[in-house]
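What follows is a single structure, written as structure tokens, with notes after it.
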Amino acid sequence: MKGSTGKKSRIYVALIRAVNVGGHSPVKMSDVRKRFEALGLEDVASYIQSGNVVFSTGETNRRRLTRKIESELSALAGHEITVFVLFPEEFKKAAAANPFDPARRDKEQRCHLMFMSAVPAAVRRKALMGMQGKEYRFYVGGKVLYLAYPRKYDGNRRAIDFEKVLGVSGTARSWKVVHKLIEIAGRKELTPA
């Protein structure tokens, strides 16, 4: 796929942290898409209101790209916004590494993946593992925290500040959202230039 600049485009997935969650930091996704396009990003598609965007660009420096998106969205929101920019392959790898039983994921339990800014220190991972109980199971694989809980605990779980416990910033997505973003990015890969 080639972008308007003639450079070969790369597909990315952007996870915008803490927008449109519980009524905090409300930002219209239509405005987010416009800001992405204003940056020259192409094939911009968003998924639900929780800050998920798939796009393509010839930019290969992910750090620079992330800073540009964060700056643009911070101006839109009026406060600092954190964005995690990932490759579709990273999503696929994270999904494939999910240690929680796939047969139970939809029927009996909920599963979320938290994409983190860094690999948490061993002492912090150990502290989190000590917080497991009947309503939570955890697994940390690199820069991804997997957490699962039985559906019967929907709305009735302990509140855990995972970022504070692990000493990293992160943003979580449900198993369903992760799979949908993989699907959207996969369709973009098949789109002819």
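FYI, nothing fancy with the structure tokens labels: chains A, B, ... in order, residues from 1 per chain, ligands from 1 as they appear.
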Residue neighbourhood stretch 77-90 of chain A, 6 Å, only C-alpha atoms, exclusion window fewer than 6 positions, as a VMD selection string: chain A and resid 12 to 17 70
Store the residues picked out above in a file with all heavy atoms, as a short mmCIF file (atom, residue, chain, number, x, y, z; two decimals), in the first residue's frame.
```cif
data_model
loop_
_atom_site.label_atom_id
_atom_site.label_comp_id
_atom_site.auth_asym_id
_atom_site.auth_seq_id
_atom_site.Cartn_x
_atom_site.Cartn_y
_atom_site.Cartn_z
N TYR A 12 -0.96 1.01 11.40
CA TYR A 12 -0.77 1.14 12.84
C TYR A 12 -2.13 1.08 13.54
O TYR A 12 -3.16 1.40 12.94
CB TYR A 12 -0.13 2.48 13.20
CG TYR A 12 1.28 2.67 12.73
CD1 TYR A 12 1.55 3.27 11.51
CD2 TYR A 12 2.36 2.27 13.52
CE1 TYR A 12 2.86 3.47 11.07
CE2 TYR A 12 3.67 2.47 13.10
CZ TYR A 12 3.91 3.06 11.87
OH TYR A 12 5.20 3.26 11.45
N VAL A 13 -2.10 0.72 14.82
CA VAL A 13 -3.28 0.78 15.67
C VAL A 13 -2.94 1.73 16.80
O VAL A 13 -1.92 1.57 17.48
CB VAL A 13 -3.64 -0.61 16.24
CG1 VAL A 13 -4.86 -0.51 17.16
CG2 VAL A 13 -3.88 -1.62 15.12
N ALA A 14 -3.80 2.74 17.00
CA ALA A 14 -3.59 3.69 18.09
C ALA A 14 -4.64 3.43 19.17
O ALA A 14 -5.84 3.35 18.88
CB ALA A 14 -3.71 5.12 17.57
N LEU A 15 -4.18 3.29 20.40
CA LEU A 15 -5.06 3.14 21.55
C LEU A 15 -4.94 4.42 22.37
O LEU A 15 -3.87 4.72 22.90
CB LEU A 15 -4.65 1.94 22.40
CG LEU A 15 -4.58 0.59 21.69
CD1 LEU A 15 -4.09 -0.49 22.64
CD2 LEU A 15 -5.94 0.22 21.10
N ILE A 16 -6.01 5.17 22.42
CA ILE A 16 -6.00 6.44 23.14
C ILE A 16 -6.41 6.14 24.58
O ILE A 16 -7.47 5.56 24.84
CB ILE A 16 -6.95 7.44 22.49
CG1 ILE A 16 -6.60 7.59 20.99
CG2 ILE A 16 -6.90 8.78 23.20
CD1 ILE A 16 -7.67 8.26 20.17
N ARG A 17 -5.56 6.52 25.50
CA ARG A 17 -5.77 6.18 26.91
C ARG A 17 -6.80 7.10 27.57
O ARG A 17 -6.73 8.32 27.44
CB ARG A 17 -4.44 6.28 27.67
CG ARG A 17 -4.53 5.91 29.12
CD ARG A 17 -3.17 6.11 29.78
NE ARG A 17 -3.25 5.90 31.19
CZ ARG A 17 -3.66 6.81 32.07
NH1 ARG A 17 -4.01 8.00 31.66
NH2 ARG A 17 -3.71 6.52 33.35
N GLU A 70 -0.26 12.49 19.99
CA GLU A 70 -0.56 12.95 21.36
C GLU A 70 -0.71 14.46 21.40
O GLU A 70 -1.62 14.99 22.05
CB GLU A 70 0.53 12.49 22.33
CG GLU A 70 0.47 11.02 22.64
CD GLU A 70 1.59 10.53 23.53
OE1 GLU A 70 2.67 11.19 23.58
OE2 GLU A 70 1.40 9.49 24.18
#
```
Polymer residues at most 12 Å from stretch 116-130 of chain A, only C-alpha atoms, same-chain spacing of 5 or more positions, as a PyMOL selection string: chain A and resi 15+17+63+82-86+94+136-147+160-173
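Here the question is which of A:Val177, A:Ala95, A:Ile69, A:Ile184 gets nearest to A:Ala38 using only C-alpha atoms, and that residue is A:Ile69.
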DSSP-assigned alpha helix (DSSP H) members of stretch 19-167 of chain A, reported as a PyMOL selection string: chain A and resi 29-38+62-77+88-96+102-105+122-129+162-166
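Contact shell of A:Lys28 at 12 Å (only C-alpha atoms; same-chain neighbours under 5 positions omitted): Val19, Asn20, Gly23, Arg33, Lys34, Arg35, Ser46, Tyr47, Ile48, Gln49, Ser50, Gly51, Asn52, Leu73, Leu76 and Ala77 of chain A.
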Quick one: write out the picked residues with N, CA, C and O atoms as a JSON list (two decimals), in the first residue's frame?
```
[["chain", "number", "residue", "atom", "x", "y", "z"],
["A", 19, "VAL", "N", -9.99, 8.00, 27.26],
["A", 19, "VAL", "CA", -10.98, 8.90, 26.68],
["A", 19, "VAL", "C", -12.32, 8.18, 26.63],
["A", 19, "VAL", "O", -12.39, 6.99, 26.41],
["A", 20, "ASN", "N", -13.36, 8.96, 26.88],
["A", 20, "ASN", "CA", -14.73, 8.45, 26.82],
["A", 20, "ASN", "C", -14.95, 7.25, 27.73],
["A", 20, "ASN", "O", -15.71, 6.34, 27.39],
["A", 23, "GLY", "N", -17.62, 8.74, 31.27],
["A", 23, "GLY", "CA", -17.99, 10.15, 31.14],
["A", 23, "GLY", "C", -16.84, 11.11, 31.31],
["A", 23, "GLY", "O", -17.01, 12.32, 31.23],
["A", 33, "ARG", "N", -10.89, 11.36, 14.36],
["A", 33, "ARG", "CA", -10.56, 10.96, 12.98],
["A", 33, "ARG", "C", -10.09, 12.17, 12.17],
["A", 33, "ARG", "O", -9.12, 12.10, 11.41],
["A", 34, "LYS", "N", -10.79, 13.31, 12.33],
["A", 34, "LYS", "CA", -10.40, 14.53, 11.60],
["A", 34, "LYS", "C", -8.99, 14.97, 11.99],
["A", 34, "LYS", "O", -8.21, 15.41, 11.13],
["A", 35, "ARG", "N", -8.64, 14.86, 13.26],
["A", 35, "ARG", "CA", -7.30, 15.25, 13.72],
["A", 35, "ARG", "C", -6.24, 14.32, 13.15],
["A", 35, "ARG", "O", -5.16, 14.75, 12.77],
["A", 46, "SER", "N", -12.06, 4.41, 13.02],
["A", 46, "SER", "CA", -12.14, 4.26, 14.48],
["A", 46, "SER", "C", -13.12, 3.13, 14.79],
["A", 46, "SER", "O", -13.95, 2.76, 13.98],
["A", 47, "TYR", "N", -12.96, 2.59, 15.98],
["A", 47, "TYR", "CA", -13.86, 1.53, 16.43],
["A", 47, "TYR", "C", -14.35, 1.85, 17.83],
["A", 47, "TYR", "O", -13.55, 2.05, 18.74],
["A", 48, "ILE", "N", -15.61, 1.92, 18.00],
["A", 48, "ILE", "CA", -16.36, 2.33, 19.19],
["A", 48, "ILE", "C", -15.79, 3.62, 19.79],
["A", 48, "ILE", "O", -14.84, 4.19, 19.28],
["A", 49, "GLN", "N", -16.39, 4.05, 20.86],
["A", 49, "GLN", "CA", -16.08, 5.37, 21.41],
["A", 49, "GLN", "C", -14.93, 5.38, 22.41],
["A", 49, "GLN", "O", -14.64, 6.40, 23.02],
["A", 50, "SER", "N", -14.27, 4.23, 22.61],
["A", 50, "SER", "CA", -13.26, 4.18, 23.67],
["A", 50, "SER", "C", -11.83, 4.45, 23.20],
["A", 50, "SER", "O", -10.87, 4.08, 23.87],
["A", 51, "GLY", "N", -11.68, 5.09, 22.03],
["A", 51, "GLY", "CA", -10.36, 5.54, 21.62],
["A", 51, "GLY", "C", -9.52, 4.53, 20.88],
["A", 51, "GLY", "O", -8.36, 4.32, 21.24],
["A", 52, "ASN", "N", -10.09, 3.90, 19.86],
["A", 52, "ASN", "CA", -9.37, 2.91, 19.06],
["A", 52, "ASN", "C", -9.35, 3.39, 17.61],
["A", 52, "ASN", "O", -10.40, 3.59, 17.02],
["A", 73, "LEU", "N", -4.09, 15.42, 19.72],
["A", 73, "LEU", "CA", -5.25, 15.05, 20.53],
["A", 73, "LEU", "C", -5.30, 15.82, 21.85],
["A", 73, "LEU", "O", -6.39, 16.11, 22.36],
["A", 76, "LEU", "N", -6.95, 18.97, 21.08],
["A", 76, "LEU", "CA", -8.39, 18.74, 20.91],
["A", 76, "LEU", "C", -9.08, 18.62, 22.26],
["A", 76, "LEU", "O", -10.12, 19.22, 22.49],
["A", 77, "ALA", "N", -8.50, 17.84, 23.17],
["A", 77, "ALA", "CA", -9.14, 17.56, 24.46],
["A", 77, "ALA", "C", -8.95, 18.67, 25.49],
["A", 77, "ALA", "O", -9.71, 18.78, 26.44]]
```
All strand (DSSP E) positions in stretch 95-124 of chain A, as a PyMOL selection string: chain A and resi 109-116
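If only C-alpha atoms are the atoms counted, then among A:Arg10, A:Arg157, A:Lys134, A:Lys176 the closest residue to A:Thr60 is A:Arg10.
With only C-alpha atoms as the atoms that count, the minimum distance from A:Asp101 to the choices A:Val32, A:Ser174, A:Tyr149, A:Gly186 is reached by A:Tyr149.
Those residues that approach A:Asp154 to within 12 Å, counting only C-alpha atoms, are A:Glu108, A:Gln109, A:Arg110, A:Cys111, A:Glu135, A:Tyr136, A:Ala148, A:Tyr149, A:Pro150, A:Arg158, A:Ala159; same-chain residues fewer than 4 positions away are not listed.
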For the selection you just gave me, I'd like the residues written to a file as a PDB file, in the first residue's frame, keeping N, CA, C and O atoms.
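out09.pdb, written as the output of this step:
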```pdb
ATOM      1  N   GLU A 108     -17.950 -17.890  30.094  1.00  0.00           N
ATOM      2  CA  GLU A 108     -17.882 -17.831  31.550  1.00  0.00           C
ATOM      3  C   GLU A 108     -17.080 -16.674  32.111  1.00  0.00           C
ATOM      4  O   GLU A 108     -17.270 -16.303  33.256  1.00  0.00           O
ATOM      5  N   GLN A 109     -16.158 -16.141  31.325  1.00  0.00           N
ATOM      6  CA  GLN A 109     -15.283 -15.113  31.889  1.00  0.00           C
ATOM      7  C   GLN A 109     -15.081 -13.953  30.936  1.00  0.00           C
ATOM      8  O   GLN A 109     -15.295 -14.066  29.744  1.00  0.00           O
ATOM      9  N   ARG A 110     -14.702 -12.859  31.507  1.00  0.00           N
ATOM     10  CA  ARG A 110     -14.297 -11.690  30.728  1.00  0.00           C
ATOM     11  C   ARG A 110     -12.778 -11.652  30.734  1.00  0.00           C
ATOM     12  O   ARG A 110     -12.148 -12.045  31.716  1.00  0.00           O
ATOM     13  N   CYS A 111     -12.225 -11.163  29.652  1.00  0.00           N
ATOM     14  CA  CYS A 111     -10.778 -11.073  29.563  1.00  0.00           C
ATOM     15  C   CYS A 111     -10.413  -9.717  28.970  1.00  0.00           C
ATOM     16  O   CYS A 111     -11.046  -9.261  28.013  1.00  0.00           O
ATOM     17  N   GLU A 135     -11.955 -13.513  42.201  1.00  0.00           N
ATOM     18  CA  GLU A 135     -12.536 -12.709  41.122  1.00  0.00           C
ATOM     19  C   GLU A 135     -11.534 -12.244  40.076  1.00  0.00           C
ATOM     20  O   GLU A 135     -11.939 -11.724  39.041  1.00  0.00           O
ATOM     21  N   TYR A 136     -10.244 -12.415  40.308  1.00  0.00           N
ATOM     22  CA  TYR A 136      -9.242 -11.976  39.336  1.00  0.00           C
ATOM     23  C   TYR A 136      -8.168 -13.026  39.133  1.00  0.00           C
ATOM     24  O   TYR A 136      -7.695 -13.627  40.092  1.00  0.00           O
ATOM     25  N   ALA A 148      -8.341 -11.717  33.771  1.00  0.00           N
ATOM     26  CA  ALA A 148      -9.601 -12.407  33.521  1.00  0.00           C
ATOM     27  C   ALA A 148     -10.376 -12.481  34.824  1.00  0.00           C
ATOM     28  O   ALA A 148      -9.792 -12.522  35.911  1.00  0.00           O
ATOM     29  N   TYR A 149     -11.698 -12.477  34.688  1.00  0.00           N
ATOM     30  CA  TYR A 149     -12.554 -12.621  35.856  1.00  0.00           C
ATOM     31  C   TYR A 149     -13.868 -13.265  35.429  1.00  0.00           C
ATOM     32  O   TYR A 149     -14.314 -13.100  34.283  1.00  0.00           O
ATOM     33  N   PRO A 150     -14.501 -14.023  36.325  1.00  0.00           N
ATOM     34  CA  PRO A 150     -15.782 -14.644  35.991  1.00  0.00           C
ATOM     35  C   PRO A 150     -16.851 -13.574  35.736  1.00  0.00           C
ATOM     36  O   PRO A 150     -16.868 -12.532  36.399  1.00  0.00           O
ATOM     37  N   ARG A 158     -13.128  -5.874  42.974  1.00  0.00           N
ATOM     38  CA  ARG A 158     -12.229  -4.927  43.632  1.00  0.00           C
ATOM     39  C   ARG A 158     -11.690  -3.964  42.597  1.00  0.00           C
ATOM     40  O   ARG A 158     -11.367  -4.366  41.484  1.00  0.00           O
ATOM     41  N   ALA A 159     -11.561  -2.723  42.982  1.00  0.00           N
ATOM     42  CA  ALA A 159     -10.901  -1.751  42.094  1.00  0.00           C
ATOM     43  C   ALA A 159      -9.397  -1.859  42.344  1.00  0.00           C
ATOM     44  O   ALA A 159      -8.950  -1.773  43.488  1.00  0.00           O
TER      45      ALA A 159
END
```
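Each of A:Ala185, A:Leu39, A:Val178, A:Met131 was checked against A:His112 using only C-alpha atoms; the smallest atom-to-atom distance is that of A:Val178.
Using only C-alpha atoms for every distance, the candidate list A:Ser74, A:Glu42, A:Thr66, A:Ala96 yields A:Glu42 as the residue closest to A:Val54.
In this model, the gap between atom CA of A:Phe100 and atom CA of A:Ala45 comes to 29.2 Å.
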